[in-house]
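File shown: start.csv. Contents: CSV, N, CA and C atoms.
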```
chain,number,residue,atom,x,y,z
U,275,MET,N,-15.4,-4.6,12.6
U,275,MET,CA,-14.8,-3.8,13.7
U,275,MET,C,-13.3,-3.9,13.7
U,276,THR,N,-12.8,-5.1,13.4
U,276,THR,CA,-11.4,-5.3,13.4
U,276,THR,C,-10.7,-4.5,12.3
U,277,GLN,N,-11.4,-4.4,11.2
U,277,GLN,CA,-10.8,-3.6,10.1
U,277,GLN,C,-10.7,-2.1,10.5
U,278,GLY,N,-11.8,-1.6,11.2
U,278,GLY,CA,-11.8,-0.2,11.6
U,278,GLY,C,-10.7,0.1,12.6
U,279,LEU,N,-10.4,-0.9,13.5
U,279,LEU,CA,-9.4,-0.7,14.5
U,279,LEU,C,-8.0,-0.7,13.8
U,280,GLU,N,-7.8,-1.6,12.9
U,280,GLU,CA,-6.6,-1.7,12.2
U,280,GLU,C,-6.3,-0.4,11.4
U,281,LYS,N,-7.3,0.2,10.8
U,281,LYS,CA,-7.2,1.4,10.1
U,281,LYS,C,-6.8,2.6,11.1
U,282,ARG,N,-7.5,2.6,12.2
U,282,ARG,CA,-7.2,3.6,13.2
U,282,ARG,C,-5.8,3.5,13.8
U,283,LEU,N,-5.3,2.2,14.0
U,283,LEU,CA,-3.9,2.0,14.4
U,283,LEU,C,-2.9,2.5,13.4
U,284,GLU,N,-3.2,2.3,12.1
U,284,GLU,CA,-2.3,2.8,11.1
U,284,GLU,C,-2.3,4.3,11.1
U,285,VAL,N,-3.4,4.9,11.2
U,285,VAL,CA,-3.4,6.4,11.3
U,285,VAL,C,-2.7,6.9,12.5
U,286,LEU,N,-2.8,6.2,13.6
U,286,LEU,CA,-2.1,6.6,14.8
U,286,LEU,C,-0.6,6.4,14.7
U,287,ARG,N,-0.2,5.3,14.0
U,287,ARG,CA,1.3,5.1,13.8
U,287,ARG,C,1.9,6.2,13.0
U,288,ILE,N,1.2,6.7,12.0
U,288,ILE,CA,1.6,7.8,11.2
U,288,ILE,C,1.7,9.1,12.0
U,289,ALA,N,0.7,9.3,12.7
U,289,ALA,CA,0.6,10.5,13.6
U,289,ALA,C,1.7,10.5,14.6
U,290,ILE,N,2.0,9.4,15.2
U,290,ILE,CA,3.1,9.2,16.2
U,290,ILE,C,4.4,9.5,15.6
U,291,GLU,N,4.7,9.0,14.4
U,291,GLU,CA,5.9,9.2,13.7
U,291,GLU,C,6.1,10.7,13.3
U,292,ASP,N,5.0,11.3,12.9
U,292,ASP,CA,5.0,12.7,12.6
U,292,ASP,C,5.4,13.6,13.8
U,293,LEU,N,4.7,13.2,14.9
U,293,LEU,CA,5.0,14.0,16.2
U,293,LEU,C,6.4,13.8,16.7
U,294,ARG,N,6.9,12.5,16.5
U,294,ARG,CA,8.3,12.3,16.9
U,294,ARG,C,9.3,13.1,16.1
U,295,GLY,N,9.0,13.3,14.8
U,295,GLY,CA,9.8,14.1,14.0
U,295,GLY,C,9.7,15.6,14.4
U,296,GLU,N,8.5,16.0,14.7
U,296,GLU,CA,8.3,17.4,15.2
U,296,GLU,C,9.1,17.6,16.5
U,297,LEU,N,9.0,16.6,17.4
U,297,LEU,CA,9.7,16.8,18.7
U,297,LEU,C,11.2,16.9,18.4
U,298,ASN,N,11.7,16.0,17.6
U,298,ASN,CA,13.2,16.1,17.3
U,298,ASN,C,13.6,17.4,16.7
U,299,ARG,N,12.8,18.0,15.7
U,299,ARG,CA,13.1,19.3,15.1
U,299,ARG,C,13.0,20.4,16.2
U,300,THR,N,12.1,20.3,17.1
U,300,THR,CA,11.9,21.3,18.1
U,300,THR,C,13.1,21.3,19.1
U,301,ILE,N,13.5,20.1,19.4
U,301,ILE,CA,14.7,20.0,20.3
U,301,ILE,C,15.9,20.5,19.6
U,302,ALA,N,16.1,20.3,18.4
U,302,ALA,CA,17.2,20.8,17.6
U,302,ALA,C,17.1,22.3,17.5
U,303,GLN,N,15.9,22.9,17.3
U,303,GLN,CA,15.8,24.4,17.3
U,303,GLN,C,16.2,25.0,18.6
U,304,HIS,N,16.0,24.3,19.7
U,304,HIS,CA,16.3,24.8,21.0
U,304,HIS,C,17.7,24.3,21.5
U,305,GLN,N,18.5,24.0,20.5
U,305,GLN,CA,19.9,23.5,20.8
U,305,GLN,C,19.9,22.4,21.9
U,306,GLY,N,19.0,21.5,21.9
U,306,GLY,CA,19.0,20.4,22.8
U,306,GLY,C,18.3,20.7,24.1
U,307,ASN,N,17.9,21.9,24.3
U,307,ASN,CA,17.2,22.2,25.6
U,307,ASN,C,15.8,21.7,25.6
U,308,LEU,N,15.5,20.8,26.5
U,308,LEU,CA,14.2,20.1,26.6
U,308,LEU,C,13.3,20.9,27.5
U,309,ASN,N,13.8,21.9,28.2
U,309,ASN,CA,13.0,22.6,29.2
U,309,ASN,C,12.3,23.9,28.5
U,310,ASN,N,11.3,23.6,27.7
U,310,ASN,CA,10.6,24.7,27.1
U,310,ASN,C,9.2,24.3,26.8
U,311,LEU,N,8.2,25.2,26.7
U,311,LEU,CA,6.8,24.9,26.6
U,311,LEU,C,6.5,24.2,25.3
U,312,GLU,N,7.2,24.5,24.2
U,312,GLU,CA,6.9,23.9,23.0
U,312,GLU,C,7.2,22.4,23.0
U,313,THR,N,8.3,22.0,23.6
U,313,THR,CA,8.7,20.6,23.8
U,313,THR,C,7.7,19.9,24.7
U,314,TYR,N,7.3,20.5,25.8
U,314,TYR,CA,6.3,19.9,26.7
U,314,TYR,C,5.0,19.6,26.0
U,315,ASP,N,4.6,20.6,25.2
U,315,ASP,CA,3.3,20.4,24.4
U,315,ASP,C,3.4,19.3,23.5
U,316,ILE,N,4.4,19.2,22.7
U,316,ILE,CA,4.6,18.1,21.8
U,316,ILE,C,4.7,16.7,22.5
U,317,SER,N,5.4,16.7,23.6
U,317,SER,CA,5.6,15.5,24.4
U,317,SER,C,4.2,15.0,24.9
U,318,GLU,N,3.4,15.9,25.4
U,318,GLU,CA,2.1,15.5,25.9
U,318,GLU,C,1.2,15.0,24.8
U,319,ARG,N,1.2,15.6,23.7
U,319,ARG,CA,0.4,15.2,22.6
U,319,ARG,C,0.9,13.8,22.1
U,320,LEU,N,2.2,13.6,22.1
U,320,LEU,CA,2.7,12.3,21.8
U,320,LEU,C,2.3,11.2,22.8
U,321,ASP,N,2.4,11.5,24.1
U,321,ASP,CA,1.9,10.6,25.1
U,321,ASP,C,0.5,10.2,24.9
U,322,GLU,N,-0.4,11.2,24.6
U,322,GLU,CA,-1.8,10.9,24.3
U,322,GLU,C,-2.0,9.9,23.2
U,323,LEU,N,-1.3,10.1,22.1
U,323,LEU,CA,-1.4,9.2,20.9
U,323,LEU,C,-0.9,7.8,21.2
U,324,VAL,N,0.2,7.8,22.0
U,324,VAL,CA,0.8,6.4,22.3
U,324,VAL,C,-0.2,5.7,23.2
U,325,ALA,N,-0.8,6.4,24.2
U,325,ALA,CA,-1.8,5.8,25.1
U,325,ALA,C,-3.0,5.3,24.3
U,326,GLU,N,-3.5,6.0,23.3
U,326,GLU,CA,-4.6,5.6,22.5
U,326,GLU,C,-4.2,4.4,21.7
U,327,TYR,N,-3.0,4.4,21.1
U,327,TYR,CA,-2.5,3.3,20.3
U,327,TYR,C,-2.4,2.0,21.2
U,328,LEU,N,-1.9,2.1,22.4
U,328,LEU,CA,-1.9,1.0,23.3
U,328,LEU,C,-3.3,0.4,23.6
U,329,ARG,N,-4.2,1.3,23.9
U,329,ARG,CA,-5.6,0.9,24.2
U,329,ARG,C,-6.2,0.1,23.0
U,330,LEU,N,-6.0,0.7,21.8
U,330,LEU,CA,-6.6,0.0,20.6
U,330,LEU,C,-5.9,-1.3,20.3
U,331,THR,N,-4.5,-1.3,20.5
U,331,THR,CA,-3.8,-2.6,20.3
U,331,THR,C,-4.3,-3.7,21.2
U,332,GLU,N,-4.5,-3.3,22.5
U,332,GLU,CA,-5.1,-4.3,23.5
U,332,GLU,C,-6.5,-4.7,23.1
U,333,ARG,N,-7.3,-3.8,22.6
U,333,ARG,CA,-8.6,-4.2,22.2
U,333,ARG,C,-8.6,-5.1,21.0
U,334,LEU,N,-7.7,-4.8,20.0
U,334,LEU,CA,-7.6,-5.6,18.8
U,334,LEU,C,-7.1,-7.0,19.2
U,335,ASN,N,-6.2,-7.1,20.2
U,335,ASN,CA,-5.6,-8.4,20.6
U,335,ASN,C,-6.5,-9.2,21.6
U,336,GLY,N,-7.7,-8.6,21.8
U,336,GLY,CA,-8.6,-9.3,22.7
U,336,GLY,C,-8.4,-9.1,24.2
U,337,ALA,N,-7.5,-8.2,24.5
U,337,ALA,CA,-7.2,-8.0,25.9
U,337,ALA,C,-8.1,-6.9,26.5
U,338,TYR,N,-9.0,-6.4,25.7
U,338,TYR,CA,-9.8,-5.3,26.2
U,338,TYR,C,-10.9,-5.7,27.1
U,339,GLU,N,-11.0,-5.1,28.2
U,339,GLU,CA,-12.1,-5.3,29.1
U,339,GLU,C,-12.9,-4.0,29.3
U,340,ARG,N,-14.1,-4.1,29.4
U,340,ARG,CA,-15.0,-2.9,29.6
U,340,ARG,C,-14.5,-2.1,30.8
U,341,GLY,N,-14.3,-0.8,30.6
U,341,GLY,CA,-13.9,0.1,31.7
U,341,GLY,C,-12.4,0.1,31.9
U,342,TYR,N,-11.6,-0.7,31.1
U,342,TYR,CA,-10.2,-0.7,31.3
U,342,TYR,C,-9.6,0.3,30.3
U,343,TYR,N,-8.6,1.1,30.7
U,343,TYR,CA,-7.9,2.0,29.8
U,343,TYR,C,-6.5,2.2,30.3
U,344,VAL,N,-5.7,2.6,29.4
U,344,VAL,CA,-4.3,2.9,29.7
U,344,VAL,C,-4.2,4.4,30.1
U,345,LYS,N,-3.6,4.7,31.2
U,345,LYS,CA,-3.5,6.1,31.6
U,345,LYS,C,-2.1,6.4,32.0
U,346,LEU,N,-1.5,7.3,31.3
U,346,LEU,CA,-0.2,7.7,31.5
U,346,LEU,C,-0.2,8.7,32.7
U,347,LYS,N,0.9,8.7,33.5
U,347,LYS,CA,1.0,9.6,34.6
U,347,LYS,C,1.5,11.0,34.0
U,348,PRO,N,1.1,12.0,34.6
U,348,PRO,CA,1.5,13.4,34.1
U,348,PRO,C,3.0,13.5,34.1
U,349,ASN,N,3.4,14.3,33.2
U,349,ASN,CA,4.9,14.6,33.1
U,349,ASN,C,5.3,15.3,34.4
U,350,PRO,N,6.3,14.7,35.1
U,350,PRO,CA,6.7,15.2,36.4
U,350,PRO,C,7.5,16.5,36.3
U,351,THR,N,7.8,17.0,35.1
U,351,THR,CA,8.6,18.2,34.9
U,351,THR,C,7.8,19.4,35.3
U,352,ASN,N,8.5,20.4,35.6
U,352,ASN,CA,7.8,21.6,36.1
U,352,ASN,C,7.7,22.6,34.8
U,353,LYS,N,6.5,22.7,34.3
U,353,LYS,CA,6.2,23.5,33.2
U,353,LYS,C,6.4,25.0,33.5
U,354,GLU,N,6.2,25.3,34.7
U,354,GLU,CA,6.3,26.8,35.1
U,354,GLU,C,7.8,27.2,34.9
U,355,ALA,N,8.7,26.3,35.2
U,355,ALA,CA,10.1,26.6,35.0
U,355,ALA,C,10.5,26.9,33.6
U,356,ALA,N,9.7,26.5,32.7
U,356,ALA,CA,10.0,26.6,31.2
U,356,ALA,C,9.5,28.0,30.7
U,357,ARG,N,8.7,28.7,31.5
U,357,ARG,CA,8.1,29.9,31.0
U,357,ARG,C,9.2,31.0,31.1
```
What does the file become when written as C-alpha coordinates?
Amino acid sequence: MTQGLEKRLEVLRIAIEDLRGELNRTIAQHQGNLNNLETYDISERLDELVAEYLRLTERLNGAYERGYYVKLKPNPTNKEAAR
(Lines of atoms letter the chains of each structure in order from A and count residues from 1; the text may use other names and numbers.)
(Lines give C-alpha, C1' and ligand atoms only; values in the text may rest on other atoms or scores of the structure.)
Protein backbone atom coordinates (compact mmCIF):
# COMPACT_ATOMS: atom_id res chain seq x y z
CA MET A 1 0.00 0.00 0.00
CA THR A 2 2.79 2.41 0.89
CA GLN A 3 4.46 1.88 -2.47
CA GLY A 4 1.20 2.62 -4.27
CA LEU A 5 0.73 5.83 -2.31
CA GLU A 6 4.30 6.92 -2.99
CA LYS A 7 3.80 6.32 -6.73
CA ARG A 8 0.53 8.29 -6.72
CA LEU A 9 2.24 11.15 -4.86
CA GLU A 10 4.98 11.24 -7.48
CA VAL A 11 2.39 11.36 -10.27
CA LEU A 12 0.56 14.15 -8.43
CA ARG A 13 3.80 16.14 -7.95
CA ILE A 14 4.43 16.00 -11.70
CA ALA A 15 0.83 16.95 -12.52
CA ILE A 16 0.96 19.85 -10.04
CA GLU A 17 4.17 21.20 -11.57
CA ASP A 18 2.70 20.83 -15.08
CA LEU A 19 -0.42 22.77 -14.07
CA ARG A 20 1.66 25.46 -12.36
CA GLY A 21 3.52 25.93 -15.63
CA GLU A 22 0.24 26.05 -17.55
CA LEU A 23 -1.10 28.64 -15.11
CA ASN A 24 2.02 30.80 -15.50
CA ARG A 25 1.80 30.62 -19.32
CA THR A 26 -1.90 31.50 -19.23
CA ILE A 27 -1.28 34.48 -16.99
CA ALA A 28 1.45 35.66 -19.35
CA GLN A 29 -0.87 35.23 -22.37
CA HIS A 30 -3.40 37.47 -20.66
CA GLN A 31 -0.76 40.10 -19.83
CA GLY A 32 -0.96 39.36 -16.11
CA ASN A 33 -4.75 39.61 -15.94
CA LEU A 34 -5.94 36.94 -13.51
CA ASN A 35 -9.61 37.71 -14.05
CA ASN A 36 -10.46 35.28 -16.84
CA LEU A 37 -12.21 31.91 -17.10
CA GLU A 38 -9.14 30.06 -18.33
CA THR A 39 -7.12 31.11 -15.29
CA TYR A 40 -9.98 30.19 -12.95
CA ASP A 41 -10.27 26.73 -14.53
CA ILE A 42 -6.56 25.99 -14.17
CA SER A 43 -6.53 27.33 -10.62
CA GLU A 44 -9.43 25.09 -9.59
CA ARG A 45 -7.80 22.01 -11.15
CA LEU A 46 -4.57 22.88 -9.35
CA ASP A 47 -6.45 23.23 -6.03
CA GLU A 48 -7.99 19.78 -6.51
CA LEU A 49 -4.59 18.17 -7.17
CA VAL A 50 -3.01 19.89 -4.16
CA ALA A 51 -5.90 18.77 -1.92
CA GLU A 52 -5.50 15.17 -3.12
CA TYR A 53 -1.75 15.40 -2.59
CA LEU A 54 -2.27 16.61 0.98
CA ARG A 55 -4.79 13.83 1.72
CA LEU A 56 -2.39 11.17 0.44
CA THR A 57 0.59 12.68 2.26
CA GLU A 58 -1.36 12.56 5.52
CA ARG A 59 -2.39 8.98 4.84
CA LEU A 60 1.20 7.99 4.09
CA ASN A 61 2.41 9.69 7.27
CA GLY A 62 -0.13 7.83 9.38
CA ALA A 63 -2.28 10.87 10.09
CA TYR A 64 -5.18 9.48 8.09
CA GLU A 65 -8.40 8.84 9.92
CA ARG A 66 -11.42 7.23 8.36
CA GLY A 67 -13.80 9.89 7.07
CA TYR A 68 -11.21 12.67 7.27
CA TYR A 69 -10.43 14.66 4.17
CA VAL A 70 -8.90 17.96 3.16
CA LYS A 71 -11.45 20.29 1.64
CA LEU A 72 -10.48 23.56 0.09
CA LYS A 73 -12.89 26.46 0.24
CA PRO A 74 -14.27 27.60 -3.12
CA ASN A 75 -12.42 30.37 -4.85
CA PRO A 76 -14.06 33.58 -3.58
CA THR A 77 -13.54 35.38 -6.88
CA ASN A 78 -16.51 36.14 -9.06
CA LYS A 79 -16.31 33.96 -12.18
CA GLU A 80 -19.24 35.77 -13.71
CA ALA A 81 -17.17 38.96 -13.82
CA ALA A 82 -14.62 37.17 -16.00
CA ARG A 83 -17.11 36.36 -18.74
Pick out the residues sitting within 10 Å of range 296-308 of chain U, and hand them over as a PyMOL selection string; count only C-alpha atoms, and ignore anything fewer than 6 positions along from it in its own chain.
chain U and resi 290+314-317+320+356
Take every atom of range 291-309 of chain U listed in the file, fit an axis-aligned box around them, add 5 Å per side, and give the centre and edge lengths in Å to one decimal as AutoDock Vina command-line options.
```
--center_x 12.3 --center_y 17.0 --center_z 20.9 --size_x 25.2 --size_y 26.0 --size_z 26.6
```
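Here CA of Thr313 in chain U is placed at a distance of 29.5 Å from CA of Leu279 in chain U.
Taking atom N of Glu284 in chain U and CA of Gly336 in chain U as endpoints, the distance between them is 16.6 Å.
From CA of Arg287 in chain U back to CA of Tyr327 in chain U, the distance works out to 7.7 Å.
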